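J.: The following file, model_36.cif, comprises mmCIF, C-alpha atoms:
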data_coords
#
loop_
_atom_site.label_atom_id
_atom_site.label_comp_id
_atom_site.auth_asym_id
_atom_site.auth_seq_id
_atom_site.Cartn_x
_atom_site.Cartn_y
_atom_site.Cartn_z
CA MET A 24 90.18 100.09 126.39
CA HIS A 25 92.09 96.79 126.17
CA LYS A 26 93.84 95.89 129.42
CA TYR A 27 97.17 94.08 129.76
CA ASP A 28 99.51 93.34 132.63
CA VAL A 29 102.52 94.12 130.49
CA ILE A 30 102.94 95.95 127.21
CA ILE A 31 106.30 95.72 125.51
CA ILE A 32 107.06 98.34 122.90
CA GLY A 33 109.57 96.87 120.48
CA ALA A 34 109.77 93.32 119.14
CA GLY A 35 113.54 92.84 118.95
CA PRO A 36 115.53 90.41 121.11
CA ALA A 37 115.08 92.47 124.31
CA GLY A 38 111.30 92.76 123.85
CA LEU A 39 110.83 89.15 122.79
CA ALA A 40 112.97 87.80 125.64
CA ALA A 41 110.91 89.86 128.09
CA ALA A 42 107.68 88.60 126.50
CA ILE A 43 108.76 84.96 126.82
CA TYR A 44 109.25 85.49 130.56
CA THR A 45 106.15 87.57 131.35
CA ALA A 46 103.80 85.51 129.19
CA ARG A 47 105.21 82.29 130.61
CA ALA A 48 104.51 83.69 134.08
CA ALA A 49 100.86 84.02 132.99
CA LEU A 50 100.92 87.81 132.77
CA SER A 51 98.83 89.07 129.89
CA THR A 52 101.44 90.43 127.48
CA LEU A 53 101.15 92.53 124.35
CA VAL A 54 104.11 93.32 122.10
CA ILE A 55 103.80 96.35 119.84
CA ASP A 56 106.18 97.19 117.00
CA GLU A 57 106.02 99.72 114.18
CA SER A 58 107.55 97.10 111.90
CA SER A 59 107.75 93.31 112.01
CA ALA A 60 109.22 91.24 114.85
CA GLY A 61 112.94 90.67 115.16
CA GLY A 62 114.56 94.09 115.37
CA GLN A 63 118.00 94.42 113.85
CA VAL A 64 118.65 90.69 114.26
CA LYS A 65 116.30 89.83 111.42
CA THR A 66 118.46 91.86 109.05
CA THR A 67 121.73 90.31 110.23
CA HIS A 68 123.06 87.84 107.68
CA GLN A 69 124.42 85.32 110.19
CA VAL A 70 124.73 85.31 113.97
CA ALA A 71 127.78 83.39 115.18
CA ASN A 72 128.05 84.51 118.81
CA TYR A 73 124.63 83.64 120.24
CA PRO A 74 125.10 80.83 122.78
CA GLY A 75 123.48 77.52 121.99
CA PHE A 76 124.07 77.57 118.25
CA VAL A 77 127.29 75.76 117.37
CA GLU A 78 127.02 76.78 113.73
CA PRO A 79 126.05 80.35 112.78
CA ILE A 80 122.30 80.86 112.48
CA ALA A 81 120.65 83.22 109.99
CA GLY A 82 119.48 86.36 111.77
CA HIS A 83 115.95 86.13 110.40
CA GLU A 84 115.73 82.52 111.59
CA LEU A 85 116.86 83.39 115.12
CA ALA A 86 114.40 86.29 115.22
CA GLY A 87 111.62 84.05 113.92
CA ASN A 88 112.34 81.46 116.59
CA MET A 89 112.22 84.11 119.33
CA ARG A 90 108.84 85.30 118.12
CA LYS A 91 107.45 81.76 117.88
CA GLN A 92 108.67 81.05 121.41
CA ALA A 93 106.90 84.17 122.72
CA GLU A 94 103.72 83.25 120.81
CA LYS A 95 103.82 79.75 122.26
CA TYR A 96 103.19 81.26 125.70
CA ASN A 97 100.28 83.38 124.44
CA THR A 98 102.04 86.66 123.85
CA GLN A 99 99.81 88.89 121.72
CA PHE A 100 101.32 90.99 118.92
CA LYS A 101 100.38 94.26 117.26
CA LEU A 102 102.89 94.61 114.42
CA ALA A 103 103.26 97.32 111.77
CA ALA A 104 101.37 99.47 114.25
CA ASP A 105 102.03 103.16 114.82
CA ILE A 106 101.75 104.71 118.27
CA THR A 107 99.50 107.76 118.04
CA ALA A 108 99.46 108.61 121.77
CA LEU A 109 101.39 107.43 124.81
CA HIS A 110 100.84 108.21 128.47
CA LEU A 111 103.39 107.06 131.04
CA SER A 112 103.05 108.02 134.68
CA GLU A 113 103.37 106.09 137.91
CA GLN A 114 99.58 105.95 138.31
CA GLU A 115 98.46 105.42 134.75
CA LYS A 116 99.97 103.92 131.63
CA TRP A 117 98.27 103.61 128.25
CA VAL A 118 99.05 103.61 124.58
CA GLU A 119 96.89 104.39 121.57
CA LEU A 120 97.60 102.85 118.18
CA ASP A 121 96.70 103.84 114.65
CA ASP A 122 93.83 101.36 114.71
CA ASP A 123 92.23 103.89 117.13
CA ASP A 124 92.24 101.33 119.94
CA LYS A 125 93.61 102.19 123.35
CA TYR A 126 95.61 99.74 125.46
CA SER A 127 96.31 100.17 129.18
CA MET A 128 98.96 98.32 131.14
CA LYS A 129 100.27 97.91 134.66
CA PHE A 130 103.85 97.74 133.44
CA VAL A 131 105.60 98.73 130.25
CA ILE A 132 108.96 97.74 128.80
CA LEU A 133 110.48 100.08 126.23
CA ALA A 134 112.60 97.98 123.88
CA THR A 135 112.53 99.86 120.60
CA GLY A 136 116.21 99.39 119.79
CA SER A 137 118.17 101.55 117.40
CA SER A 138 118.27 102.23 113.67
CA PRO A 139 120.95 103.10 111.14
CA ARG A 140 121.66 106.82 111.31
CA LEU A 141 120.63 108.86 108.29
CA LEU A 142 122.62 111.87 107.14
CA ASN A 143 119.39 113.83 106.63
CA ILE A 144 120.80 115.89 103.80
CA PRO A 145 119.18 116.83 100.49
CA GLY A 146 119.10 113.96 98.00
CA GLU A 147 119.53 111.16 100.55
CA GLN A 148 115.93 109.97 100.64
CA GLU A 149 115.26 110.95 97.04
CA TYR A 150 118.02 108.70 95.67
CA LYS A 151 117.65 105.75 98.08
CA GLY A 152 117.84 102.70 95.81
CA HIS A 153 118.73 104.93 92.86
CA GLY A 154 122.37 105.57 93.68
CA VAL A 155 122.24 105.76 97.48
CA SER A 156 122.53 102.50 99.42
CA TYR A 157 122.89 101.34 103.02
CA CYS A 158 123.75 97.69 102.40
CA ALA A 159 126.80 96.27 100.64
CA THR A 160 125.51 92.69 100.87
CA CYS A 161 122.35 93.69 99.03
CA ASP A 162 123.51 96.17 96.45
CA ALA A 163 127.27 95.68 95.82
CA GLU A 164 126.77 93.77 92.59
CA PHE A 165 124.86 96.68 91.02
CA TYR A 166 128.16 98.57 91.25
CA LYS A 167 130.44 95.92 89.74
CA GLY A 168 133.42 97.63 88.06
CA ARG A 169 132.18 101.06 89.09
CA ASP A 170 133.47 103.88 91.26
CA ILE A 171 131.69 104.64 94.51
CA PHE A 172 131.74 106.68 97.69
CA VAL A 173 131.59 105.17 101.16
CA ILE A 174 130.47 107.62 103.84
CA GLY A 175 131.68 106.79 107.37
CA GLY A 176 134.77 105.57 109.21
CA GLY A 177 133.50 103.19 111.87
CA ASN A 178 133.53 99.40 111.99
CA SER A 179 130.47 98.94 109.83
CA ALA A 180 131.78 101.33 107.16
CA MET A 181 135.10 99.49 106.95
CA GLU A 182 133.60 95.99 107.07
CA GLU A 183 131.14 96.88 104.32
CA SER A 184 133.97 98.50 102.33
CA LEU A 185 135.89 95.21 102.37
CA LEU A 186 132.90 93.50 100.83
CA LEU A 187 132.40 96.29 98.29
CA LEU A 188 136.05 96.06 97.23
CA GLN A 189 135.31 92.60 95.82
CA PHE A 190 132.99 94.23 93.30
CA VAL A 191 133.83 97.86 92.62
CA ASN A 192 136.62 99.56 90.65
CA SER A 193 137.34 102.15 93.33
CA ILE A 194 136.11 103.53 96.65
CA THR A 195 136.45 107.08 97.92
CA VAL A 196 135.88 107.04 101.67
CA ILE A 197 134.51 110.31 103.01
CA HIS A 198 135.06 110.65 106.74
CA GLN A 199 134.48 113.56 109.09
CA PHE A 200 137.66 113.00 111.13
CA ASP A 201 141.27 112.58 110.09
CA VAL A 202 141.50 109.11 111.61
CA LEU A 203 139.19 106.11 111.31
CA GLN A 204 137.18 104.90 114.30
CA ALA A 205 137.13 101.32 113.05
CA GLU A 206 139.28 98.58 114.55
CA LYS A 207 142.81 98.95 113.21
CA ILE A 208 143.00 95.49 111.64
CA THR A 209 139.91 96.14 109.49
CA ALA A 210 140.74 99.78 108.81
CA ASP A 211 144.24 98.86 107.61
CA LYS A 212 142.87 96.31 105.16
CA VAL A 213 140.77 99.05 103.59
CA THR A 214 143.20 101.97 103.64
CA THR A 215 146.10 99.94 102.21
CA ASN A 216 144.02 98.69 99.29
CA PRO A 217 145.16 100.49 96.11
CA LYS A 218 141.53 100.89 95.03
CA VAL A 219 140.77 103.09 98.06
CA THR A 220 141.17 106.86 98.38
CA MET A 221 140.50 108.67 101.66
CA LEU A 222 138.85 112.08 101.86
CA TRP A 223 139.56 113.07 105.45
CA SER A 224 137.79 115.77 107.48
CA HIS A 225 134.94 116.12 105.02
CA GLU A 226 131.21 115.78 105.51
CA PRO A 227 128.60 115.41 102.76
CA ARG A 228 126.16 118.31 102.54
CA ALA A 229 124.02 117.21 99.58
CA PHE A 230 123.63 114.47 96.97
CA TYR A 231 122.66 115.15 93.38
CA LYS A 232 122.21 113.04 90.29
CA LYS A 233 123.50 113.98 86.84
CA ASP A 234 122.63 111.51 84.11
CA ASN A 235 123.62 108.19 85.73
CA LYS A 236 126.25 109.66 88.04
CA MET A 237 125.90 110.56 91.70
CA LEU A 238 127.39 113.86 92.83
CA VAL A 239 128.43 114.54 96.40
CA GLU A 240 128.82 118.06 97.65
CA ALA A 241 131.23 117.75 100.60
CA GLU A 242 132.49 120.33 103.05
CA ASN A 243 136.04 120.43 104.36
CA LEU A 244 135.45 120.74 108.12
CA LYS A 245 138.78 122.51 108.64
CA THR A 246 138.51 125.15 105.90
CA ASN A 247 134.72 125.14 105.23
CA GLU A 248 135.54 124.88 101.55
CA ARG A 249 133.00 122.89 99.53
CA ILE A 250 133.86 120.54 96.69
CA THR A 251 131.70 118.44 94.38
CA LEU A 252 132.80 114.95 93.38
CA GLU A 253 131.23 112.52 90.94
CA ARG A 254 131.02 108.72 91.19
CA ASP A 255 128.52 105.97 90.31
CA GLY A 256 127.02 105.38 93.76
CA ILE A 257 127.06 106.23 97.45
CA PHE A 258 127.06 103.79 100.37
CA ILE A 259 126.28 105.28 103.79
CA PHE A 260 127.36 103.68 107.10
CA VAL A 261 127.36 106.34 109.81
CA GLY A 262 126.32 104.51 112.96
CA LEU A 263 123.09 104.03 114.85
CA VAL A 264 120.52 106.20 116.62
CA PRO A 265 118.13 105.13 119.40
CA ASN A 266 114.49 104.73 118.44
CA SER A 267 113.20 106.97 121.21
CA ASP A 268 111.53 109.86 119.39
CA PHE A 269 108.13 108.56 120.43
CA LEU A 270 109.04 109.37 124.06
CA LYS A 271 109.57 113.08 123.49
CA ASP A 272 106.24 114.07 125.08
CA THR A 273 106.67 111.74 128.05
CA PRO A 274 108.59 112.28 131.31
CA ILE A 275 111.02 109.42 130.57
CA GLN A 276 114.61 110.54 131.15
CA THR A 277 117.07 110.04 128.31
CA THR A 278 120.62 111.04 127.56
CA GLU A 279 121.30 113.93 125.17
CA ASP A 280 121.58 111.37 122.39
CA GLY A 281 118.16 109.92 123.21
CA TYR A 282 119.18 106.71 125.02
CA ILE A 283 116.88 105.82 127.94
CA ILE A 284 118.40 105.98 131.40
CA THR A 285 117.58 103.13 133.80
CA ASP A 286 118.79 101.67 137.07
CA LEU A 287 120.40 98.24 137.30
CA GLN A 288 116.93 96.63 137.39
CA MET A 289 116.15 98.32 134.04
CA GLU A 290 113.58 100.64 135.64
CA THR A 291 113.38 104.18 134.29
CA ASN A 292 112.65 107.31 136.32
CA ILE A 293 108.94 106.40 136.13
CA LYS A 294 107.90 103.50 138.37
CA GLY A 295 106.62 100.55 136.41
CA VAL A 296 108.28 101.72 133.19
CA TYR A 297 111.32 99.67 132.17
CA ALA A 298 113.74 99.86 129.26
CA ALA A 299 115.88 97.13 127.74
CA GLY A 300 118.08 96.55 124.73
CA ASP A 301 119.80 98.96 122.37
CA VAL A 302 117.55 101.89 123.22
CA ARG A 303 118.93 101.86 126.77
CA ASP A 304 121.94 103.94 127.79
CA LYS A 305 124.83 101.47 128.12
CA LYS A 306 128.24 100.57 126.73
CA HIS A 307 127.80 97.23 124.98
CA ARG A 308 125.09 96.53 122.40
CA GLN A 309 124.82 92.85 121.54
CA ILE A 310 121.92 90.42 121.07
CA THR A 311 123.01 88.68 124.26
CA THR A 312 123.06 91.88 126.31
CA SER A 313 119.63 92.85 125.00
CA VAL A 314 118.19 89.44 125.85
CA GLY A 315 119.70 89.72 129.34
CA GLU A 316 118.19 93.14 129.93
CA GLY A 317 114.78 92.05 128.66
CA THR A 318 114.96 89.13 131.06
CA ILE A 319 115.89 91.36 134.03
CA ALA A 320 113.03 93.78 133.29
CA ALA A 321 110.56 90.90 132.98
CA LEU A 322 111.71 89.24 136.21
CA GLU A 323 111.44 92.54 138.10
CA ILE A 324 107.86 92.89 136.88
CA ILE A 325 107.00 89.28 137.70
CA HIS A 326 108.34 89.76 141.26
CA LYS A 327 106.32 92.95 141.72
CA VAL A 328 103.10 91.32 140.52
CA MET B 29 114.57 79.91 97.31
CA LEU B 30 113.12 82.62 99.54
CA GLN B 31 112.42 81.52 103.12
CA THR B 32 109.27 83.51 103.80
CA ASN B 33 105.65 82.72 104.61
CA LEU B 34 104.49 84.54 101.50
CA GLU B 35 103.39 82.73 98.36
CA HIS B 36 106.30 82.75 95.93
CA ILE B 37 106.02 83.54 92.24
CA GLU B 38 108.28 81.09 90.43
CA THR B 39 107.05 81.02 86.83
CA GLU B 40 105.91 83.41 84.15
CA GLU B 41 102.52 81.68 84.10
CA GLN B 42 102.02 82.29 87.83
CA PHE B 43 103.02 85.91 87.40
CA LYS B 44 100.64 86.55 84.50
CA GLU B 45 97.75 84.72 86.12
CA LEU B 46 98.19 86.66 89.34
CA ILE B 47 98.21 90.03 87.58
CA GLU B 48 95.34 89.18 85.24
CA LYS B 49 93.00 87.60 87.79
CA ASN B 50 93.41 89.97 90.73
CA GLU B 51 92.50 93.59 91.16
CA LYS B 52 95.24 94.48 93.66
CA VAL B 53 98.70 92.89 93.61
CA ALA B 54 101.95 93.71 95.38
CA ILE B 55 105.18 91.80 94.64
CA CYS B 56 108.47 92.09 96.48
CA CYS B 57 111.37 90.84 94.34
CA GLY B 58 114.62 90.31 96.23
CA ARG B 59 116.95 87.97 98.06
CA MET B 60 117.24 86.88 101.69
CA GLY B 61 119.23 90.03 102.50
CA PRO B 62 119.00 92.71 105.17
CA MET B 63 117.10 95.20 103.02
CA CYS B 64 114.66 92.61 101.64
CA ILE B 65 113.66 90.61 104.74
CA PRO B 66 111.92 93.54 106.49
CA VAL B 67 109.77 94.13 103.40
CA TYR B 68 108.75 90.45 103.17
CA ASP B 69 107.85 90.60 106.88
CA ILE B 70 105.72 93.69 106.36
CA PHE B 71 103.98 91.98 103.43
CA GLU B 72 103.24 88.99 105.70
CA ILE B 73 101.62 91.26 108.28
CA PHE B 74 99.74 93.23 105.65
CA GLN B 75 98.30 90.18 103.92
CA GLU B 76 96.21 89.72 107.08
CA LYS B 77 95.41 93.43 107.43
CA TYR B 78 94.49 93.88 103.76
CA PRO B 79 92.93 90.58 102.60
CA ASP B 80 91.78 92.16 99.32
CA ILE B 81 95.39 92.66 98.24
CA GLN B 82 97.52 89.80 96.93
CA PHE B 83 100.97 90.05 98.50
CA ARG B 84 103.67 87.86 96.92
CA ASP B 85 107.43 87.57 96.74
CA MET B 86 109.81 86.58 93.98
CA ASP B 87 113.44 85.46 94.03
CA PHE B 88 115.54 88.11 92.27
CA ASP B 89 117.75 85.44 90.68
CA ILE B 90 115.20 83.25 88.91
CA PRO B 91 114.37 83.72 85.22
CA VAL B 92 110.85 85.09 85.78
CA ALA B 93 112.31 88.02 87.73
CA VAL B 94 113.23 89.58 84.39
CA LEU B 95 109.55 90.58 84.14
CA ILE B 96 110.13 92.94 87.06
CA LYS B 97 113.79 93.83 86.48
CA GLY B 98 112.96 94.66 82.86
CA LEU B 99 110.12 97.08 83.64
CA PRO B 100 111.02 100.56 82.37
CA GLU B 101 110.16 101.91 85.83
CA CYS B 102 112.73 99.58 87.45
CA ARG B 103 115.62 100.14 85.07
CA GLY B 104 117.16 102.88 87.21
CA PHE B 105 116.87 100.81 90.38
CA TRP B 106 120.15 100.05 92.12
CA GLY B 107 118.91 98.72 95.42
CA LEU B 108 117.15 95.53 96.52
CA PRO B 109 114.34 94.70 96.86
CA PHE B 110 112.37 95.86 93.84
CA THR B 111 108.75 96.17 94.98
CA VAL B 112 106.03 96.54 92.36
CA TYR B 113 102.29 97.16 92.59
CA TYR B 114 99.62 96.30 90.00
CA ARG B 115 95.99 97.32 89.86
CA ASP B 116 93.50 95.82 87.41
CA GLY B 117 96.36 94.17 85.54
CA LYS B 118 98.28 97.41 85.12
CA PHE B 119 101.53 98.50 86.69
CA VAL B 120 100.93 101.41 89.10
CA LYS B 121 103.98 101.84 91.34
CA ALA B 122 107.51 100.55 91.99
CA THR B 123 110.03 101.17 94.76
CA SER B 124 113.68 100.29 95.17
CA SER B 125 115.49 99.31 98.40
CA ILE B 126 114.08 98.86 101.90
CA GLN B 127 110.71 100.38 102.80
CA SER B 128 109.33 100.82 106.29
CA ALA B 129 105.88 99.58 107.29
CA LYS B 130 104.74 103.21 107.24
CA GLU B 131 106.00 103.68 103.67
CA VAL B 132 104.40 100.47 102.42
CA LYS B 133 101.15 101.38 104.18
CA SER B 134 101.16 104.78 102.54
CA ILE B 135 101.75 103.29 99.07
CA VAL B 136 99.02 100.68 99.60
CA LYS B 137 96.58 103.44 100.57
CA ALA B 138 97.61 105.63 97.66
CA VAL B 139 97.45 103.03 94.90
CA PHE B 140 94.72 100.68 96.11
CA THR B 141 92.08 102.94 97.67
#
Could you render the structure from this file as structure tokens?

T.:
Amino acid sequence: MHKYDVIIIGAGPAGLAAAIYTARAALSTLVIDESSAGGQVKTTHQVANYPGFVEPIAGHELAGNMRKQAEKYNTQFKLAADITALHLSEQEKWVELDDDDKYSMKFVILATGSSPRLLNIPGEQEYKGHGVSYCATCDAEFYKGRDIFVIGGGNSAMEESLLLLQFVNSITVIHQFDVLQAEKITADKVTTNPKVTMLWSHEPRAFYKKDNKMLVEAENLKTNERITLERDGIFIFVGLVPNSDFLKDTPIQTTEDGYIITDLQMETNIKGVYAAGDVRDKKHRQITTSVGEGTIAALEIIHKV
Amino acid sequence: MLQTNLEHIETEEQFKELIEKNEKVAICCGRMGPMCIPVYDIFEIFQEKYPDIQFRDMDFDIPVAVLIKGLPECRGFWGLPFTVYYRDGKFVKATSSIQSAKEVKSIVKAVFT
């Protein structure tokens, strides 16, 4: 059994900010992540609202700097590591990873963030990269002059649609409500574009491929009638979900949606277990808020030690 | 130019030499975009975990990338990055779009063990 003062699960801004503080306070600190370090920041093209950077900084660069800063103070990392067992109680806290090693800790900070929501319908995984995409920046040019679907009606769906409109011949937006949730200024730019058609109150039920065309089977949520439409590709932007599935066999309290509930000091219902960042139940999800919460959790731990 | 800590493949000669002289090769061909960066990062971690595998990246927009884009197995790909795996000089697997660490790990185990 490897012993640490603090184990931080999640290597995004919240986890890395916490690690910088705890490691700098000479607490032995291990950061575990199922992927690489950086969280969603590393996949953000440019960050323009993080204080201290007059010019926008590339997300992967900011994430890389945060990791290097944590490493500088002797934070240990276990990346691309899967949690195979987790025990969280007031008396005892340990985690087991897929390398079969077990790690115990006095304190834990849960900072696993959130991930793009999947539709979880037939064809979605099967055609990822073969007609189904989640990133306009990456894949828009494959659809130059073509006709596509955009699934979703929030800010990200509309912002990505604006980018896609620079490339594609037409967009059919499929949205489950009869109004868009996106900010009006962005939504108006999309809906008033002559290349855009709205399919209101519909939800996709399955994706198929026929020759080189993508087919969407969509259900009208008011009449339950199903229709099948054909285009060249499908872009999905339907929000985020908290990465908290790994807590399902623990006593940690979450909301119905899976967000972790904490007090103002970031402590969960289990003493010594903290949560910070996008996985925490809160209103605003920004890099700055995550960093602040990671800092609060770390300082609480440092004071208790 | 890709800003990663992986060795980059920039010429046809480098590509051919890599494939011919190494038993296990994985190449991630993409840009510095949101779907590509996580895969480069996973490759960086895995090159320490699996020292017998050669992990490389390649800029999608340089001429040599045609050797990957032109593979029959990649012709239906419409999502970056294109990730290809070679064993004993032969193509064995390709994926399109982002892959999680778990997915890459599972491919590495399937094609290289």

J.: Taking the file as shown, find all residues satisfying the PyMOL selection byres ((chain B) within 7 of (chain A)) and write them as a short mmCIF file (atom, residue, chain, number, x, y, z; two decimals) with C-alpha atoms, in the coordinates of the input.

T.:
data_model
loop_
_atom_site.label_atom_id
_atom_site.label_comp_id
_atom_site.auth_asym_id
_atom_site.auth_seq_id
_atom_site.Cartn_x
_atom_site.Cartn_y
_atom_site.Cartn_z
CA GLY B 61 119.23 90.03 102.50
CA PRO B 62 119.00 92.71 105.17
CA MET B 63 117.10 95.20 103.02
CA ILE B 65 113.66 90.61 104.74
CA PRO B 66 111.92 93.54 106.49
CA ASP B 69 107.85 90.60 106.88
CA ILE B 70 105.72 93.69 106.36
CA GLY B 104 117.16 102.88 87.21
CA PHE B 105 116.87 100.81 90.38
CA TRP B 106 120.15 100.05 92.12
CA GLY B 107 118.91 98.72 95.42
CA LEU B 108 117.15 95.53 96.52
CA SER B 124 113.68 100.29 95.17
CA SER B 125 115.49 99.31 98.40
CA SER B 128 109.33 100.82 106.29
CA ALA B 129 105.88 99.58 107.29
#

J.: So, counting all atoms listed in the file, which residue among A:Gly317, A:Pro145, A:Gly136, A:Pro227 is closest to A:Gly175?

T.: A:Pro227

J.: Would you kindly translate the PyMOL selection byres ((chain A and resi 190-193) around 9) into the concrete residues it picks from this file, as a list in words?

T.: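 In the shown coordinates, the PyMOL selection byres ((chain A and resi 190-193) around 9) covers Ala163, Glu164, Phe165, Tyr166, Lys167, Gly168, Arg169, Asp170, Ile171, Phe172, Leu186, Leu187, Leu188, Gln189, Ile194, Thr195, Pro217, Lys218, Val219 and Thr220 of chain A.
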
J.: Just how far from atom CA of B:Cys64 is atom CA of A:Val302, in Å to one decimal?

T.: 23.7 Å

J.: Please report the interatomic distance between atom CA of A:Ile257 and atom CA of A:Val196 in Å with one decimal.

T.: 9.8 Å

J.: Taking the file as I've supplied it (selection: the PyMOL selection byres ((chain B and resi 52) around 10)), which residues are included? Please answer as a PyMOL selection string.

T.: chain B and resi 46-51+53-54+80-83+113-118+136+139-141

J.: Just C-alpha atoms for this one: save the residues we selected as a tab-separated table (two decimals), in the coordinates of the input.

T.:
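The result, stored in selection-v4.tsv:
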chain	number	residue	atom	x	y	z
B	46	LEU	CA	98.19	86.66	89.34
B	47	ILE	CA	98.21	90.03	87.58
B	48	GLU	CA	95.34	89.18	85.24
B	49	LYS	CA	93.00	87.60	87.79
B	50	ASN	CA	93.41	89.97	90.73
B	51	GLU	CA	92.50	93.59	91.16
B	53	VAL	CA	98.70	92.89	93.61
B	54	ALA	CA	101.95	93.71	95.38
B	80	ASP	CA	91.78	92.16	99.32
B	81	ILE	CA	95.39	92.66	98.24
B	82	GLN	CA	97.52	89.80	96.93
B	83	PHE	CA	100.97	90.05	98.50
B	113	TYR	CA	102.29	97.16	92.59
B	114	TYR	CA	99.62	96.30	90.00
B	115	ARG	CA	95.99	97.32	89.86
B	116	ASP	CA	93.50	95.82	87.41
B	117	GLY	CA	96.36	94.17	85.54
B	118	LYS	CA	98.28	97.41	85.12
B	136	VAL	CA	99.02	100.68	99.60
B	139	VAL	CA	97.45	103.03	94.90
B	140	PHE	CA	94.72	100.68	96.11
B	141	THR	CA	92.08	102.94	97.67

J.: Would you mind reading off the distance between atom CA of B:Glu101 and atom CA of B:Glu35, one decimal, in Å?

T.: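 Separation between atom CA of B:Glu101 and atom CA of B:Glu35: 23.9 Å.
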
J.: List the neighbours of stretch 236-241 of chain A out to 8 Å using all atoms listed in the file; skip same-chain residues closer than 5 positions along the sequence, and give me the result as a compact mmCIF listing (two decimals) with C-alpha atoms, keeping the file's coordinate frame.

T.:
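Saved result, result-v4.txt, follows:
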# COMPACT_ATOMS: atom_id res chain seq x y z
CA GLY A 154 122.37 105.57 93.68
CA HIS A 225 134.94 116.12 105.02
CA GLU A 226 131.21 115.78 105.51
CA PRO A 227 128.60 115.41 102.76
CA ARG A 228 126.16 118.31 102.54
CA ALA A 229 124.02 117.21 99.58
CA PHE A 230 123.63 114.47 96.97
CA TYR A 231 122.66 115.15 93.38
CA ARG A 249 133.00 122.89 99.53
CA ILE A 250 133.86 120.54 96.69
CA THR A 251 131.70 118.44 94.38
CA LEU A 252 132.80 114.95 93.38
CA GLU A 253 131.23 112.52 90.94
CA ARG A 254 131.02 108.72 91.19
CA ASP A 255 128.52 105.97 90.31
CA GLY A 256 127.02 105.38 93.76
CA ILE A 257 127.06 106.23 97.45

J.: When you count all atoms listed in the file, which of these residues is closest to B:Gln75: B:Ile55, B:Ile126, B:Leu99, B:Gln31?

T.: B:Ile55

J.: Looking at all atoms listed in the file, which of A:Asp211, A:Glu242, A:Asp272, A:Asp234 is the one that sits closest to A:His110?

T.: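 Among the listed residues, A:Asp272 lies closest to A:His110.
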
J.: Using all atoms listed in the file, which residue out of B:Gln127, B:Ser134, B:Thr111, B:Thr39 lies closest to B:Val92?

T.: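 Answer, going by the shortest atom-to-atom distance: B:Thr39.
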
J.: Smallest atom-to-atom distance to A:Ala49: which of A:Ala299, A:Gly146, A:Thr214, A:Val328, using only C-alpha atoms?

T.: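 Distance minimum relative to A:Ala49 lands on A:Val328.
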
J.: Padding 4 Å on every side, please: axis-aligned box over the listed atoms of stretch 100-105 of chain B, centre and edge lengths to one decimal in Å, as AutoDock Vina command-line options.

T.:
--center_x 113.7 --center_y 101.2 --center_z 86.4 --size_x 15.0 --size_y 11.3 --size_z 16.0

J.: Can you tell me, as a PDB file with C-alpha atoms, in the coordinates of the input, what residues are no more than 9 Å from A:Tyr96 when counting all atoms listed in the file, ignoring any on the same chain fewer than 3 positions away?

T.:
ATOM      1  CA  ALA A  42     107.680  88.600 126.500  1.00  0.00           C
ATOM      2  CA  ILE A  43     108.760  84.960 126.820  1.00  0.00           C
ATOM      3  CA  TYR A  44     109.250  85.490 130.560  1.00  0.00           C
ATOM      4  CA  THR A  45     106.150  87.570 131.350  1.00  0.00           C
ATOM      5  CA  ALA A  46     103.800  85.510 129.190  1.00  0.00           C
ATOM      6  CA  ARG A  47     105.210  82.290 130.610  1.00  0.00           C
ATOM      7  CA  ALA A  48     104.510  83.690 134.080  1.00  0.00           C
ATOM      8  CA  ALA A  49     100.860  84.020 132.990  1.00  0.00           C
ATOM      9  CA  LYS A  91     107.450  81.760 117.880  1.00  0.00           C
ATOM     10  CA  GLN A  92     108.670  81.050 121.410  1.00  0.00           C
ATOM     11  CA  ALA A  93     106.900  84.170 122.720  1.00  0.00           C
TER      12      ALA A  93
END

J.: Excluding A:Ile30 and residues on its chain fewer than 2 positions from it, collect all residues at most 10 Å away from it, counting all atoms listed in the file, and give them as a PyMOL selection string.

T.: chain A and resi 26-28+32-33+38+42+45+51-55+98-100+116-118+126-133+296

J.: Keeping only C-alpha atoms, write those residues as a CSV table (one decimal), in the coordinates of the input.

T.:
chain,number,residue,atom,x,y,z
A,26,LYS,CA,93.8,95.9,129.4
A,27,TYR,CA,97.2,94.1,129.8
A,28,ASP,CA,99.5,93.3,132.6
A,32,ILE,CA,107.1,98.3,122.9
A,33,GLY,CA,109.6,96.9,120.5
A,38,GLY,CA,111.3,92.8,123.8
A,42,ALA,CA,107.7,88.6,126.5
A,45,THR,CA,106.2,87.6,131.4
A,51,SER,CA,98.8,89.1,129.9
A,52,THR,CA,101.4,90.4,127.5
A,53,LEU,CA,101.2,92.5,124.4
A,54,VAL,CA,104.1,93.3,122.1
A,55,ILE,CA,103.8,96.4,119.8
A,98,THR,CA,102.0,86.7,123.8
A,99,GLN,CA,99.8,88.9,121.7
A,100,PHE,CA,101.3,91.0,118.9
A,116,LYS,CA,100.0,103.9,131.6
A,117,TRP,CA,98.3,103.6,128.2
A,118,VAL,CA,99.0,103.6,124.6
A,126,TYR,CA,95.6,99.7,125.5
A,127,SER,CA,96.3,100.2,129.2
A,128,MET,CA,99.0,98.3,131.1
A,129,LYS,CA,100.3,97.9,134.7
A,130,PHE,CA,103.8,97.7,133.4
A,131,VAL,CA,105.6,98.7,130.2
A,132,ILE,CA,109.0,97.7,128.8
A,133,LEU,CA,110.5,100.1,126.2
A,296,VAL,CA,108.3,101.7,133.2
